[in-house]
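**Q** The following block contains the structure, expressed as structure tokens.
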Amino acid sequence: PPPKTPPAIRSLDGTRMELLDCAFPSLNDVICTTDPRVAFDHADVIILVGGYPRKKGMARKDLIRANTRIFATMGRAINEVASPEAKVLVVANPANTNCLVALKEASANGRIPSKNFCALTYLDYQRAKGQIAQRLGGGGVSADRVKNVIIWGNHSETQYPDALTDGYILGDSGEKVPLRTLLSNDLEWANN
């Protein structure tokens with residue numbers, strides 16, 4: 001008998017059909033596979049959305065252990081077959097940890113630069129910049145002028161936005177005005 005089709009492929013076939021039906025001008029084909037080496041072969045953009053789901057009663061360390069195996073495998077495959085210029089976005093939580101694991105495996109020999117990896121905590125970073133801009137008066141400070149805010153931890157109760165360590169506002173003349181100075185009278189807000 002022919003090999004059994006994994007259930008994930010059947011689901012992906014529907015997504016493939018929807019994407020092709022959209023007739024996006026830059027989309028030539030969609031390959032559905034469970035083999036990361038096939039999926040990432042010469043890929044320029046890689047979005048890692050699938051991780052091990054946290055189950056009821058599961059300890060966080062067990063979730064990280066399961067995801068480490070998955071993202072180490074993805075990282076090795078990226079290193080072996082993806083374009084050396086590939087950009088990798090990790091969506092699956094804990095995104096920071098999963099991204100770091102994939103990055104370490106994929107950039108082990110320097111073939112793919114670490115700067116090409118990003119975790120979806122970018123949304124949290126942007127949200128922090130927007131809240132800081134609003135706190136500083138909104139109209140005079142736009143979020144794109146808020147720089148170097150750090151998001152520590154993972155997308156969970158361990159996450160901590162840090163505006164004070166290295167954050168600054170880029171002034172009209174290019175000067176860097178430290179957020180720790182601008183928020184010195186509002187430290188309780190900045191630290192929570």
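In the structure tokens, chains take letters A, B, ... by order of appearance, with residues numbered from 1 within each chain and ligands from 1 in the order shown.
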Mind checking which residues fall within 12 Å of range 128-144 of chain A, counting only C-alpha atoms, ignoring those fewer than 2 positions away in the same chain, and posting them as a PyMOL selection string?
**A** chain A and resi 121-126+146-152+159-164+167-172+177+179-187+189-192
**Q** Quick one: everything within 8 Å of range 25-30 of chain A, counting only C-alpha atoms, minus sequence neighbours fewer than 3 positions away in the same chain. Send it as number ranges by chain.
**A** A: 16, 19-20
**Q** Using only C-alpha atoms, I'd like a table of the residues in range 65-149 of chain A that come within 6 Å of range 34-56 of chain A; for each, show the closest atom pair and its distance in Å rounded to one decimal, ordered by chain and ascending number, as CSV.
**A**
residue,atom,partner,partner_atom,distance
A:Asn67,CA,A:Tyr52,CA,5.7
A:Ala77,CA,A:Arg37,CA,5.3
A:Val81,CA,A:Asp41,CA,4.8
A:Ala82,CA,A:His42,CA,4.3
A:Ser83,CA,A:His42,CA,4.6
A:Ala86,CA,A:Asp44,CA,4.2
A:Lys87,CA,A:Val45,CA,4.9
A:Val88,CA,A:Ile46,CA,4.7
A:Leu89,CA,A:Ile47,CA,4.8
A:Val90,CA,A:Leu48,CA,4.8
A:Val91,CA,A:Val49,CA,4.9
A:Ala92,CA,A:Val49,CA,5.0
**Q** For CA of Pro113 in chain A and CA of Thr158 in chain A, determine how far apart the two atoms are, in Å to one decimal place.
**A**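 Value for the CA of Pro113 in chain A-CA of Thr158 in chain A distance: 27.6 Å.
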**Q** Figure out the distance between CA of Pro94 in chain A and CA of Arg60 in chain A, please, to one decimal in Å.
**A** 9.5 Å
**Q** Could you name the residues that touch Gly14 in chain A at 12 Å or less, counting only C-alpha atoms, but leaving out those on the same chain fewer than 6 positions away, as a PyMOL selection string?
**A** chain A and resi 7-8+20-21+30-32
**Q** Keeping C-alpha atoms for every residue in the selection just given, could you write it to a file as a PDB file, in the first residue's frame?
**A**
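Written out: out06.pdb:
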ATOM      1  CA  PRO A   7      -2.667  14.677   8.773  1.00  0.00           C
ATOM      2  CA  ALA A   8      -0.733  17.959   8.681  1.00  0.00           C
ATOM      3  CA  LEU A  20      -2.823  29.669  -5.190  1.00  0.00           C
ATOM      4  CA  ASP A  21      -6.448  30.781  -5.712  1.00  0.00           C
ATOM      5  CA  VAL A  30       3.430  26.287  -2.516  1.00  0.00           C
ATOM      6  CA  ILE A  31       5.174  23.110  -1.391  1.00  0.00           C
ATOM      7  CA  CYS A  32       3.536  21.132   1.398  1.00  0.00           C
TER       8      CYS A  32
END
**Q** May I have the residues within 12 Å of Asn109 in chain A as a list of chain:residue names, using only C-alpha atoms and disregarding those fewer than 3 positions away in the same chain?
**A** A:Gly75, A:Arg76, A:Ile78, A:Asn79, A:Glu80, A:Pro84, A:Leu103, A:Lys104, A:Glu105, A:Ala106, A:Ile112, A:Pro113, A:Ser114
**Q** Any chance you could export the current selection's all heavy atoms as a short mmCIF file (atom, residue, chain, number, x, y, z; two decimals), in the first residue's frame?
**A**
data_model
loop_
_atom_site.label_atom_id
_atom_site.label_comp_id
_atom_site.auth_asym_id
_atom_site.auth_seq_id
_atom_site.Cartn_x
_atom_site.Cartn_y
_atom_site.Cartn_z
N GLY A 75 16.74 24.64 12.80
CA GLY A 75 17.96 25.42 12.62
C GLY A 75 19.01 24.68 11.81
O GLY A 75 19.64 25.26 10.92
N ARG A 76 19.19 23.39 12.08
CA ARG A 76 20.16 22.60 11.31
C ARG A 76 19.76 22.53 9.85
O ARG A 76 20.59 22.66 8.95
CB ARG A 76 20.31 21.21 11.91
CG ARG A 76 21.13 21.20 13.19
CD ARG A 76 21.49 19.80 13.65
NE ARG A 76 20.33 19.02 14.08
CZ ARG A 76 19.81 19.04 15.30
NH1 ARG A 76 20.35 19.81 16.24
NH2 ARG A 76 18.76 18.31 15.59
N ILE A 78 17.91 24.70 8.19
CA ILE A 78 18.12 26.04 7.62
C ILE A 78 19.59 26.21 7.26
O ILE A 78 19.93 26.67 6.17
CB ILE A 78 17.64 27.13 8.60
CG1 ILE A 78 16.12 27.11 8.71
CG2 ILE A 78 18.14 28.51 8.18
CD1 ILE A 78 15.57 27.92 9.89
N ASN A 79 20.48 25.83 8.16
CA ASN A 79 21.91 25.94 7.93
C ASN A 79 22.34 25.14 6.70
O ASN A 79 23.18 25.58 5.92
CB ASN A 79 22.69 25.47 9.15
CG ASN A 79 24.17 25.64 8.99
OD1 ASN A 79 24.65 26.66 8.51
ND2 ASN A 79 24.92 24.63 9.36
N GLU A 80 21.76 23.96 6.53
CA GLU A 80 22.18 23.07 5.45
C GLU A 80 21.66 23.48 4.08
O GLU A 80 22.38 23.33 3.10
CB GLU A 80 21.71 21.64 5.77
CG GLU A 80 22.45 21.03 6.94
CD GLU A 80 21.85 19.70 7.38
OE1 GLU A 80 21.07 19.10 6.61
OE2 GLU A 80 22.16 19.27 8.50
N PRO A 84 21.92 31.60 1.99
CA PRO A 84 22.75 32.23 3.02
C PRO A 84 22.21 33.60 3.44
O PRO A 84 22.59 34.13 4.47
CB PRO A 84 24.12 32.36 2.37
CG PRO A 84 24.08 31.60 1.11
CD PRO A 84 22.65 31.32 0.77
N LEU A 103 18.59 29.86 15.84
CA LEU A 103 19.72 30.70 15.45
C LEU A 103 21.05 30.00 15.73
O LEU A 103 21.95 29.99 14.88
CB LEU A 103 19.66 32.03 16.20
CG LEU A 103 20.76 33.04 15.96
CD1 LEU A 103 20.21 34.44 16.13
CD2 LEU A 103 21.93 32.83 16.88
N LYS A 104 21.21 29.45 16.91
CA LYS A 104 22.47 28.77 17.29
C LYS A 104 22.78 27.64 16.33
O LYS A 104 23.92 27.44 15.94
CB LYS A 104 22.41 28.26 18.73
CG LYS A 104 22.43 29.35 19.76
CD LYS A 104 23.71 30.14 19.69
CE LYS A 104 23.77 31.16 20.79
NZ LYS A 104 24.88 32.08 20.66
N GLU A 105 21.78 26.87 15.96
CA GLU A 105 22.00 25.76 15.03
C GLU A 105 22.23 26.25 13.61
O GLU A 105 23.08 25.74 12.90
CB GLU A 105 20.81 24.79 15.06
CG GLU A 105 20.64 24.08 16.38
CD GLU A 105 21.77 23.11 16.69
OE1 GLU A 105 22.40 22.57 15.77
OE2 GLU A 105 22.01 22.88 17.89
N ALA A 106 21.48 27.26 13.18
CA ALA A 106 21.56 27.72 11.80
C ALA A 106 22.79 28.57 11.52
O ALA A 106 23.26 28.66 10.39
CB ALA A 106 20.31 28.51 11.43
N ILE A 112 24.81 31.71 7.85
CA ILE A 112 23.66 32.62 7.91
C ILE A 112 23.87 33.54 9.10
O ILE A 112 24.00 33.09 10.23
CB ILE A 112 22.34 31.84 8.03
CG1 ILE A 112 22.16 30.92 6.81
CG2 ILE A 112 21.16 32.80 8.17
CD1 ILE A 112 20.94 30.03 6.87
N PRO A 113 23.91 34.85 8.86
CA PRO A 113 24.18 35.79 9.96
C PRO A 113 23.08 35.79 11.02
O PRO A 113 21.90 35.69 10.71
CB PRO A 113 24.26 37.15 9.28
CG PRO A 113 24.14 36.92 7.82
CD PRO A 113 23.73 35.51 7.59
N SER A 114 23.48 35.95 12.28
CA SER A 114 22.51 35.97 13.38
C SER A 114 21.55 37.15 13.25
O SER A 114 20.41 37.07 13.70
CB SER A 114 23.22 36.00 14.73
OG SER A 114 24.03 37.13 14.84
#
**Q** If you run DSSP on this backbone, which residues of chain A come out as alpha helix (DSSP H), and could you give them as a PyMOL selection string?
**A** chain A and resi 7-21+36-39+60-81+95-106+122-135+179-182+187-190
**Q** Please run DSSP on the backbone and report, as number ranges by chain, all residues within chain A that come out as strand (DSSP E).
**A** A: 45-48, 87-90, 117-119, 146-147, 150-152, 160-162, 168-170, 176-178
